[in-house]
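Have a look at model_12.cif; it's mmCIF, C-alpha atoms and all ligand atoms:
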data_my_file
loop_
_atom_site.label_atom_id
_atom_site.label_comp_id
_atom_site.auth_asym_id
_atom_site.auth_seq_id
_atom_site.Cartn_x
_atom_site.Cartn_y
_atom_site.Cartn_z
CA MET A 1225 0.00 0.00 0.00
CA ALA A 1226 2.73 2.43 1.02
CA GLU A 1227 4.60 1.90 -2.25
CA GLN A 1228 1.49 2.59 -4.23
CA LEU A 1229 1.03 5.93 -2.52
CA SER A 1230 4.54 7.12 -3.16
CA GLU A 1231 4.60 6.10 -6.76
CA HIS A 1232 2.39 9.01 -7.61
CA VAL A 1233 2.93 12.76 -7.54
CA ARG A 1234 -0.14 14.97 -7.71
CA PHE A 1235 0.66 18.46 -8.81
CA SER A 1236 -1.91 21.09 -8.04
CA GLY A 1237 -2.08 22.98 -11.27
CA GLY A 1238 -5.32 24.85 -10.87
CA GLN A 1239 -3.72 28.01 -9.65
CA LEU A 1240 -1.21 28.36 -12.44
CA THR A 1241 -3.40 30.69 -14.40
CA GLN A 1242 -0.39 32.94 -14.91
CA LEU A 1243 0.68 30.53 -17.60
CA ALA A 1244 -2.54 31.23 -19.43
CA GLY A 1245 -1.95 34.98 -19.23
CA GLY A 1246 0.17 35.13 -22.37
CA PHE A 1247 3.60 33.90 -23.42
CA PRO A 1248 6.44 36.29 -22.60
CA GLY A 1249 9.01 34.48 -24.78
CA LEU A 1250 12.56 33.45 -23.95
CA GLN A 1251 14.48 36.36 -22.47
CA SER A 1252 17.61 37.62 -24.17
CA ARG A 1253 19.25 38.47 -20.83
CA TRP A 1254 19.48 34.80 -19.88
CA ASP A 1255 22.65 32.77 -20.14
CA ALA A 1256 22.61 30.61 -23.30
CA ARG A 1257 22.44 27.37 -21.30
CA LEU A 1258 19.47 28.64 -19.32
CA ARG A 1259 17.68 29.79 -22.47
CA GLU A 1260 18.04 26.23 -23.71
CA GLN A 1261 16.83 24.90 -20.40
CA ALA A 1262 13.79 27.23 -20.51
CA ALA A 1263 12.95 25.93 -23.99
CA ARG A 1264 13.33 22.32 -22.80
CA ASP A 1265 11.22 23.01 -19.71
CA LEU A 1266 8.47 24.52 -21.83
CA ALA A 1267 8.45 21.46 -24.09
CA LEU A 1268 8.42 19.16 -21.05
CA VAL A 1269 5.48 20.93 -19.41
CA ALA A 1270 3.57 21.14 -22.70
CA GLU A 1271 4.04 17.42 -23.21
CA ARG A 1272 3.41 16.16 -19.70
CA ALA A 1273 1.11 18.81 -18.26
CA PRO A 1274 -0.72 20.44 -21.16
CA GLU A 1275 -3.35 21.53 -18.61
CA ILE A 1276 -0.73 23.98 -17.34
CA ALA A 1277 0.96 25.15 -20.52
CA ASP A 1278 0.20 24.23 -24.07
CA LEU A 1279 2.78 26.38 -25.83
CA THR A 1280 6.00 26.08 -27.77
CA VAL A 1281 8.91 28.49 -27.99
CA ALA A 1282 7.48 29.53 -31.36
CA SER A 1283 4.17 30.61 -29.80
CA PRO A 1284 3.35 34.28 -30.31
CA VAL A 1285 4.90 36.51 -27.68
CA SER A 1286 2.48 38.66 -25.77
CA SER A 1287 3.83 42.04 -24.72
CA ASP A 1288 1.72 42.22 -21.59
CA ALA A 1289 2.58 38.73 -20.31
CA ASP A 1290 4.24 38.74 -16.90
CA VAL A 1291 7.77 37.42 -17.47
CA GLU A 1292 8.45 36.56 -13.85
CA ASP A 1293 5.10 34.87 -13.11
CA PHE A 1294 5.17 32.84 -16.29
CA TRP A 1295 8.71 31.53 -16.10
CA GLU A 1296 8.73 31.01 -12.36
CA ASN A 1297 5.63 28.83 -12.52
CA LEU A 1298 6.93 27.02 -15.55
CA ALA A 1299 10.27 26.34 -13.83
CA ARG A 1300 8.45 25.03 -10.74
CA THR A 1301 6.28 22.70 -12.79
CA ALA A 1302 9.16 21.39 -14.90
CA ALA A 1303 11.25 20.76 -11.78
CA ALA A 1304 8.36 18.84 -10.19
CA ILE A 1305 7.98 16.67 -13.31
CA ARG A 1306 11.72 15.89 -13.36
CA ALA A 1307 11.69 15.12 -9.63
CA ALA A 1308 8.78 12.71 -10.09
CA ASP A 1309 10.59 11.05 -12.99
CA HIS A 1310 13.76 10.86 -10.94
CA VAL A 1311 12.08 8.68 -8.31
CA GLY A 1312 9.98 6.81 -10.82
CA ALA A 1313 6.71 8.34 -9.65
CA GLU A 1314 3.81 8.97 -11.96
CA PHE A 1315 3.07 12.68 -12.46
CA THR A 1316 -0.52 13.85 -12.59
CA VAL A 1317 -1.82 17.38 -12.75
CA VAL A 1318 -4.89 17.82 -10.63
CA PRO A 1319 -6.68 21.07 -11.36
CA PRO A 1320 -8.32 21.80 -8.01
CA ASN A 1321 -11.78 23.30 -8.08
CA ALA A 1322 -12.10 27.02 -7.51
CA GLU A 1323 -12.76 26.88 -3.76
CA HIS A 1324 -10.44 24.17 -2.51
CA PRO A 1325 -9.07 20.93 -3.85
CA ASP A 1326 -11.52 18.20 -3.08
CA TRP A 1327 -8.80 15.62 -2.39
CA ASN A 1328 -8.86 12.73 0.03
CA ASP A 1329 -6.05 12.15 2.54
CA TYR A 1330 -4.08 9.87 0.25
CA GLU A 1331 -4.24 12.34 -2.58
CA LEU A 1332 -3.13 15.11 -0.23
CA SER A 1333 -0.17 13.02 0.86
CA GLU A 1334 0.91 12.75 -2.75
CA ARG A 1335 0.65 16.45 -3.34
CA LEU A 1336 3.56 18.45 -4.67
CA GLY A 1337 2.96 21.95 -5.88
CA PRO A 1338 1.38 25.28 -5.05
CA VAL A 1339 -1.74 25.77 -2.96
CA LEU A 1340 -4.72 27.89 -3.88
CA SER A 1341 -5.03 31.22 -2.13
CA ALA A 1342 -8.47 30.04 -0.96
CA GLU A 1343 -6.73 27.27 0.99
CA GLU A 1344 -4.89 29.78 3.12
CA ASN A 1345 -6.82 30.43 6.28
CA ARG A 1346 -7.36 34.15 6.09
CA HIS A 1347 -8.70 34.65 9.55
CA GLY A 1348 -6.70 32.17 11.57
CA SER A 1349 -3.14 33.02 12.44
CA ASP A 1350 -0.22 31.81 10.41
CA PRO A 1351 2.13 30.05 12.84
CA LEU A 1352 5.17 31.10 10.82
CA VAL A 1353 4.48 34.80 11.14
CA MET A 1354 5.36 34.70 14.84
CA HIS A 1355 7.51 31.60 14.99
CA GLN A 1356 9.96 31.38 17.89
CA MET A 1357 12.79 31.02 15.36
CA LEU A 1358 12.03 34.50 14.06
CA ILE A 1359 11.81 35.96 17.56
CA ASP A 1360 15.13 34.31 18.51
CA HIS A 1361 17.02 35.18 15.33
CA GLY A 1362 15.31 38.34 14.11
CA GLY A 1363 17.97 40.61 15.64
CA ARG A 1364 15.35 43.17 16.57
CA TRP A 1365 12.74 43.75 19.25
CA MET A 1366 9.37 42.20 18.36
CA ARG A 1367 6.09 41.39 20.09
CA LEU A 1368 2.71 39.94 19.31
CA ALA A 1369 0.06 42.54 19.86
CA GLY A 1370 -3.38 43.75 18.98
CA TYR A 1371 -5.11 47.03 18.28
CA GLY A 1372 -7.56 48.39 20.84
CA ASP A 1373 -9.78 51.31 20.04
CA GLU A 1374 -10.58 51.93 23.71
CA PRO A 1375 -8.03 52.33 26.51
CA GLY A 1376 -7.60 49.21 28.64
CA GLU A 1377 -9.19 46.92 26.05
CA LEU A 1378 -5.93 44.99 25.72
CA PRO A 1379 -3.11 44.40 28.24
CA THR A 1380 -0.57 47.25 27.93
CA ASP A 1381 2.21 44.91 26.85
CA GLU A 1382 0.00 43.67 24.01
CA ASP A 1383 -1.43 46.92 22.75
CA VAL A 1384 0.25 48.23 19.62
CA VAL A 1385 -0.30 51.87 20.62
CA GLU A 1386 1.16 51.36 24.12
CA LEU A 1387 4.08 49.44 22.67
CA ALA A 1388 4.69 52.15 20.10
CA LEU A 1389 4.77 54.78 22.86
CA GLN A 1390 7.34 52.71 24.77
CA ARG A 1391 9.50 52.13 21.71
CA ALA A 1392 9.31 55.82 20.81
CA LYS A 1393 10.52 56.76 24.32
CA ALA A 1394 13.35 54.26 23.93
CA GLY A 1395 14.44 56.21 20.85
CA VAL A 1396 13.30 53.75 18.18
CA GLN A 1397 12.96 55.53 14.86
CA ALA A 1398 10.13 53.49 13.33
CA LEU A 1399 8.05 50.37 13.85
CA VAL A 1400 6.99 47.71 11.38
CA VAL A 1401 3.47 46.45 11.99
CA LYS A 1402 2.47 43.24 10.25
CA LEU A 1403 -0.96 41.64 10.19
CA VAL A 1404 -0.83 38.10 11.48
CA GLY A 1405 -4.15 36.83 10.19
CA ARG A 1406 -3.75 37.59 6.59
CA LYS A 1407 -0.25 37.96 5.36
CA THR A 1408 -0.93 40.70 2.92
CA GLY A 1409 -0.40 43.63 5.19
CA ILE A 1410 2.74 45.21 6.50
CA ILE A 1411 3.24 48.88 7.26
CA ARG A 1412 5.89 51.10 8.73
CA ILE A 1413 5.05 53.91 11.12
CA ASP A 1414 7.63 56.54 11.93
CA LEU A 1415 8.01 57.56 15.56
CA ARG A 1416 9.30 60.58 17.53
CA THR A 1417 10.35 60.44 21.19
CA ASP A 1418 7.45 62.75 22.11
CA ILE A 1419 4.82 61.11 19.87
CA THR A 1420 1.38 60.82 21.52
CA ALA A 1421 -1.15 57.98 21.60
CA PRO A 1422 -3.69 59.83 19.39
CA GLU A 1423 -0.98 60.38 16.80
CA ILE A 1424 -0.15 56.67 16.75
CA HIS A 1425 -3.84 55.75 16.34
CA GLU A 1426 -4.00 58.25 13.53
CA ARG A 1427 -0.92 56.83 11.80
CA LEU A 1428 -2.23 53.27 11.99
CA LEU A 1429 -5.75 54.01 10.86
CA ALA A 1430 -4.91 56.63 8.27
CA TYR A 1431 -2.05 54.67 6.69
CA ASP A 1432 -4.37 53.89 3.84
CA GLU A 1433 -8.03 53.05 3.42
CA ASN A 1434 -7.41 49.32 3.46
CA PHE A 1435 -5.44 49.38 6.71
CA GLY A 1436 -7.94 51.69 8.38
CA TRP A 1437 -10.64 49.14 7.72
CA VAL A 1438 -8.52 46.17 8.82
CA PHE A 1439 -7.56 47.85 12.11
CA ILE A 1440 -11.20 48.49 12.90
CA ARG A 1441 -12.02 44.87 12.12
CA ILE A 1442 -9.29 43.47 14.40
CA ALA A 1443 -9.90 45.98 17.21
CA GLY A 1444 -9.90 44.34 20.63
CA ARG A 1445 -8.55 41.01 19.40
CA ARG A 1446 -5.26 39.70 20.75
CA HIS A 1447 -2.39 38.36 18.67
CA THR A 1448 -3.47 39.99 15.45
CA LEU A 1449 -0.30 41.99 14.82
CA LEU A 1450 3.42 41.39 14.89
CA VAL A 1451 5.06 44.62 16.00
CA GLN A 1452 8.79 45.01 15.41
CA ASP A 1453 11.45 47.68 15.49
CA TRP A 1454 12.34 48.92 12.07
CA ILE A 1455 16.03 48.30 11.42
CA PRO A 1456 17.92 48.91 8.20
CA MET A 1457 18.45 45.62 6.37
CA VAL A 1458 20.47 44.95 3.23
CA ASP A 1459 21.20 42.03 0.91
CA GLU A 1460 17.94 40.13 1.48
CA TYR A 1461 18.28 36.46 0.58
CA ARG A 1462 15.85 33.52 0.45
CA LEU A 1463 16.86 30.06 1.65
CA PHE A 1464 14.84 27.01 0.64
CA VAL A 1465 14.78 24.44 3.43
CA VAL A 1466 13.56 20.87 2.97
CA ASP A 1467 13.40 18.53 5.98
CA GLY A 1468 15.73 20.83 7.90
CA LYS A 1469 18.36 21.08 5.18
CA ILE A 1470 19.08 24.19 3.12
CA VAL A 1471 18.88 22.99 -0.46
CA SER A 1472 18.95 26.19 -2.52
CA GLY A 1473 19.03 29.95 -2.15
CA ALA A 1474 18.88 33.20 -4.08
CA GLY A 1475 18.91 36.93 -3.51
CA CYS A 1476 15.50 38.60 -3.16
CA ILE A 1477 15.67 40.21 -6.56
CA GLU A 1478 12.08 40.67 -7.72
CA GLU A 1479 12.63 40.42 -11.46
CA PHE A 1480 14.78 37.26 -11.31
CA THR A 1481 13.52 33.78 -12.15
CA PRO A 1482 15.34 30.44 -12.03
CA TYR A 1483 16.43 31.09 -15.65
CA ASP A 1484 18.26 34.19 -14.45
CA ARG A 1485 20.69 32.03 -12.47
CA ALA A 1486 24.30 33.01 -12.94
CA ASP A 1487 25.30 29.36 -13.13
CA PRO A 1488 22.74 26.65 -13.92
CA ASP A 1489 24.68 24.07 -11.89
CA ASP A 1490 24.78 26.10 -8.68
CA ARG A 1491 22.30 25.68 -5.90
CA PHE A 1492 23.08 29.07 -4.37
CA ASP A 1493 23.00 32.17 -6.51
CA ILE A 1494 25.48 34.74 -5.21
CA ARG A 1495 23.92 37.88 -6.61
CA LEU A 1496 22.39 40.25 -4.09
CA ARG A 1497 20.42 43.44 -4.15
CA ARG A 1498 21.76 45.92 -1.61
CA HIS A 1499 18.39 47.61 -1.06
CA ARG A 1500 15.03 46.02 -1.67
CA GLY A 1501 12.51 48.66 -2.58
CA ASN A 1502 9.18 48.63 -0.75
CA ALA A 1503 6.95 50.66 1.56
CA VAL A 1504 8.78 49.37 4.64
CA THR A 1505 12.31 50.14 3.51
CA GLY A 1506 11.04 53.41 2.06
CA GLN A 1507 13.57 53.05 -0.72
CA ARG A 1508 13.85 52.17 -4.36
CA SER A 1509 15.37 48.86 -5.41
CA GLU A 1510 19.04 49.36 -6.20
CA GLY A 1511 22.55 48.02 -5.92
CA LEU A 1512 22.89 44.65 -7.64
CA HIS A 1513 26.18 43.05 -6.63
CA ILE A 1514 27.90 39.68 -6.34
CA ASP A 1515 29.15 38.49 -2.97
CA SER A 1516 29.78 34.87 -2.11
CA THR A 1517 31.04 35.70 1.40
CA VAL A 1518 27.67 37.19 2.33
CA VAL A 1519 25.90 34.11 1.01
CA GLU A 1520 28.29 31.81 2.87
CA ARG A 1521 27.65 33.77 6.05
CA TYR A 1522 23.89 33.31 5.54
CA LEU A 1523 24.35 29.57 5.10
CA ARG A 1524 26.47 29.25 8.23
CA PHE A 1525 23.95 31.32 10.17
CA ALA A 1526 20.84 29.50 8.96
CA ALA A 1527 22.01 25.88 8.69
CA PRO A 1528 21.70 25.13 12.44
CA ILE A 1529 18.42 27.06 12.63
CA ALA A 1530 16.99 25.08 9.71
CA ALA A 1531 18.25 21.82 11.24
CA ALA A 1532 16.64 22.65 14.60
CA HIS A 1533 13.35 23.32 12.82
CA GLY A 1534 13.68 20.08 10.91
CA GLY A 1535 10.86 20.78 8.46
CA THR A 1536 10.26 22.41 5.10
CA LEU A 1537 9.92 26.16 4.66
CA VAL A 1538 11.66 29.22 3.24
CA ILE A 1539 13.75 31.47 5.46
CA ASP A 1540 14.37 35.04 4.34
CA VAL A 1541 17.52 36.55 5.79
CA ALA A 1542 19.28 39.91 5.60
CA THR A 1543 22.27 41.78 7.01
CA THR A 1544 21.98 44.55 9.59
CA THR A 1545 24.14 47.69 9.79
CA ASP A 1546 26.45 45.96 12.30
CA ASN A 1547 27.02 43.29 9.67
CA LYS A 1548 25.06 40.52 11.37
CA PRO A 1549 22.73 38.10 9.60
CA VAL A 1550 19.11 38.10 10.81
CA ILE A 1551 15.88 36.37 9.85
CA ILE A 1552 13.42 38.72 8.14
CA GLU A 1553 10.51 36.30 7.98
CA LEU A 1554 9.53 32.67 7.46
CA ASN A 1555 7.11 31.44 4.81
CA PRO A 1556 5.65 28.13 3.71
CA LEU A 1557 7.55 26.76 0.72
CA PRO A 1558 4.83 25.74 -1.77
CA ASN A 1559 3.88 29.23 -2.95
CA SER A 1560 7.09 31.10 -2.21
CA GLY A 1561 8.68 33.06 -5.02
CA LEU A 1562 11.72 31.34 -6.48
CA TYR A 1563 13.94 34.25 -7.58
CA ALA A 1564 17.12 32.84 -9.17
CA SER A 1565 17.08 29.69 -7.05
CA ASN A 1566 17.57 26.18 -8.39
CA PRO A 1567 14.13 24.52 -8.42
CA ASP A 1568 15.55 21.12 -9.39
CA ALA A 1569 17.64 21.11 -6.21
CA VAL A 1570 14.47 21.90 -4.25
CA TYR A 1571 12.06 19.50 -5.95
CA ARG A 1572 14.43 16.56 -6.01
CA ARG A 1573 14.52 16.81 -2.23
CA LEU A 1574 10.89 17.67 -1.85
CA VAL A 1575 9.61 14.65 -3.75
CA ARG A 1576 11.11 12.36 -1.13
CA ALA A 1577 10.76 14.66 1.87
CA ARG A 1578 9.02 13.76 5.09
CA ASP A 1579 7.59 17.29 5.11
CA ARG A 1580 6.51 18.82 1.82
CA GLY A 1581 5.89 22.16 3.48
CA TYR A 1582 2.11 22.20 3.68
CA GLY A 1583 1.84 22.00 7.48
CA VAL A 1584 0.58 25.55 7.93
CA TYR A 1585 -2.33 25.15 5.51
CA PRO A 1586 -5.44 23.98 7.34
CA LEU A 1587 -6.50 21.49 4.69
CA MET A 1588 -3.00 20.07 4.45
CA ARG A 1589 -2.17 19.96 8.14
CA ASP A 1590 -2.25 16.18 8.39
CA ALA A 1591 -0.50 15.52 5.11
CA PRO A 1592 3.03 15.38 6.58
CA LYS A 1593 1.88 12.53 8.82
CA LEU A 1594 0.57 10.64 5.84
CA LEU A 1595 3.83 11.22 4.04
CA GLU A 1596 5.60 9.20 6.72
CA PHE A 1597 3.64 6.19 5.47
CA ALA A 1598 4.45 7.01 1.90
CA ARG A 1599 8.17 6.52 2.45
CA PRO A 1600 10.43 5.00 1.43
CA ILE A 1601 9.78 5.20 -2.24
CA ASN A 1602 9.89 1.70 -3.57
CA GLY A 1603 13.30 0.77 -4.87
CA PHE A 1604 14.61 4.33 -4.73
CA ASP A 1605 18.03 4.93 -3.21
CA ASP A 1606 17.56 7.74 -0.74
CA THR A 1607 21.26 7.94 0.10
CA GLU A 1608 22.33 9.52 -3.19
CA PRO A 1609 25.06 12.03 -2.29
CA GLU A 1610 24.68 15.69 -3.16
CA PRO A 1611 27.31 17.04 -5.58
CA GLU A 1612 30.21 18.69 -3.72
CA ARG A 1613 30.25 22.45 -4.02
CA LYS A 1614 32.43 24.86 -2.16
CA ASP A 1615 29.56 27.21 -1.36
CA THR A 1616 27.43 24.53 0.23
CA ARG A 1617 27.35 24.58 3.98
CA SER A 1618 24.00 23.07 4.67
N1 LIG B 1 11.68 45.06 11.00
C1 LIG B 1 12.00 45.47 9.79
N2 LIG B 1 12.87 46.47 9.61
C2 LIG B 1 13.18 46.92 8.36
N3 LIG B 1 12.67 46.43 7.23
C3 LIG B 1 11.79 45.43 7.35
C4 LIG B 1 11.41 44.89 8.61
N4 LIG B 1 10.52 43.92 8.42
C5 LIG B 1 10.34 43.83 7.09
N5 LIG B 1 11.10 44.73 6.45
C6 LIG B 1 11.16 44.96 5.00
O1 LIG B 1 9.85 44.76 4.49
C7 LIG B 1 9.84 43.69 3.55
C8 LIG B 1 8.56 42.91 3.70
O2 LIG B 1 8.53 42.31 4.97
P1 LIG B 1 8.09 40.81 5.16
O3 LIG B 1 8.88 39.99 4.21
O4 LIG B 1 8.17 40.50 6.60
O5 LIG B 1 6.56 40.91 4.74
P2 LIG B 1 5.73 40.28 3.56
O6 LIG B 1 4.33 40.53 3.89
O7 LIG B 1 6.18 38.92 3.28
O8 LIG B 1 6.08 41.16 2.33
P3 LIG B 1 6.71 40.68 0.93
O9 LIG B 1 5.72 39.73 0.36
O10 LIG B 1 6.87 41.95 0.17
O11 LIG B 1 8.01 40.00 1.26
C9 LIG B 1 11.09 42.91 3.83
O12 LIG B 1 11.50 42.22 2.68
C10 LIG B 1 12.05 44.00 4.26
O13 LIG B 1 12.55 44.70 3.12
MG MG B 2 8.53 38.75 2.59
#
Write the structure described by the file as structure tokens, please.
Ligand SMILES: Nc1ncnc2c1ncn2[C@@H]1O[C@H](COP(=O)(O)OP(=O)(O)OP(=O)(O)O)[C@@H](O)[C@H]1O
Ligand SMILES: [Mg+2]
Amino acid sequence: MAEQLSEHVRFSGGQLTQLAGGFPGLQSRWDARLREQAARDLALVAERAPEIADLTVASPVSSDADVEDFWENLARTAAAIRAADHVGAEFTVVPPNAEHPDWNDYELSERLGPVLSAEENRHGSDPLVMHQMLIDHGGRWMRLAGYGDEPGELPTDEDVVELALQRAKAGVQALVVKLVGRKTGIIRIDLRTDITAPEIHERLLAYDENFGWVFIRIAGRRHTLLVQDWIPMVDEYRLFVVDGKIVSGAGCIEEFTPYDRADPDDRFDIRLRRHRGNAVTGQRSEGLHIDSTVVERYLRFAAPIAAAHGGTLVIDVATTTDNKPVIIELNPLPNSGLYASNPDAVYRRLVRARDRGYGVYPLMRDAPKLLEFARPINGFDDTEPEPERKDTRS
């Protein structure tokens, strides 16, 4: 029975609508070998998963296609197909229905691929947003809090306005306030040592229309916000962790896809962006550079953390002004952006992993347990050594 389970990989393809949004074509900026790989991947996906992409490199190029979305999803799918082939598992694309995939436990245990946004529990809390690992290795003050619209509604050490007043008095320049329930909201509020409570309310509620509404909705509820000191961070980098082992990594460079890798054989891209542009950093994206020592430092820093966690996730790290690595945030792996990582390195591990990274999704919560039964894959040698590379510390 166990062998039967593991001989199948079910790829959830229903969400990959990006691939239907037009073909962006092969990109001239890619290395010749990666252009060839992109063409091969497209042919592979078109042949084995025509539900996801039914195109060839000669298909008409659409000028408004999203280059990053298209190629990232294609790379992920192609890597999953190769990983399934590698262990001799059958690959099936299961287009989930619009609401949630109507899969039984066995099917869930065979799952490998992205989840639908509808599967994410919007109102429950995401355990990764406030994981102890982040608190221990974030390198900055942070607390779980809530927003109260009346004084005394929440304990003072859990009220974002009270906490902001304390941090302001301590001389902290700005706070980053992140919504726990639905991971689509993060804002920065600037402080002054003599800032007042009404001003902080005002800054939270008037940040923009969307946040004003969300703060009113969460008012009085505990553990709805992660409040942290704002600290300058540079060289943000994403580490892909499977069963506690760092298997690939790439700089957080928005426009990069796996085909933008500097070297197709590497698992760790060594290009970094000094400043990531967003509302929190208050900066524009700039400063592309190459630095293997920074990447090596990240690997040394995160390898024991990943091992202690033992599961599957992505860890975003950065460097502070005193040159120390810190964790920015943790995310589930299935839907995480790939940047210029090596998806084959990730999926080859993932296809035989104890934890495929779905543990935080309500529907998938029991799947890792079922995966224990699914192993070992019949006749597959799990002891295959990883190729030696000097930049590999995991
Ligand atoms: N405490 C902090 N101090 C300074 N900058 C921060 C802090 N927290 C987050 N940032 C910046 O904000 C960005 C977004 O934060 P985070 O990754 O935690 O949220 P997110 O909701 O996942 O956003 P995104 O999807 O854009 O990554 C980070 O990549 C980093 O540039
Ligand atoms: Mg992030």
Nearest to A:Ile1552: which of A:Gly1535, A:Gly1363, A:Gly1501, A:Pro1482 is it, counting only C-alpha atoms?
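Residue with the minimum atom-to-atom distance to A:Ile1552: A:Gly1363.
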Separation of atom CA of A:Ala1277 from atom CA of A:Glu1314, in Å and rounded to one decimal
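Taking atom CA of A:Ala1277 as the start and atom CA of A:Glu1314 as the end point, the length is 18.5 Å.
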Here is a test: counting only C-alpha atoms, which residue of A:Ala1542, A:Val1575, A:Ile1455, A:Val1570 is nearest to A:Val1400?
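Among A:Ala1542, A:Val1575, A:Ile1455, A:Val1570, it is A:Ile1455 that comes nearest to A:Val1400.
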List all protein, DNA and RNA residues that have any atom at most 10 Å from ligand MG 2 (chain B), counting all atoms listed in the file, and write the list as a ChimeraX atom specification.
/A:1407-1408,1410,1460,1462,1476,1539-1541,1552-1555,1560-1561
With all atoms listed in the file as the counted atoms, please give the residues lying no more than 7 Å from A:His1447, apart from itself and same-chain residues fewer than 2 positions off, as a ChimeraX atom specification.
/A:1368-1370,1445,1449
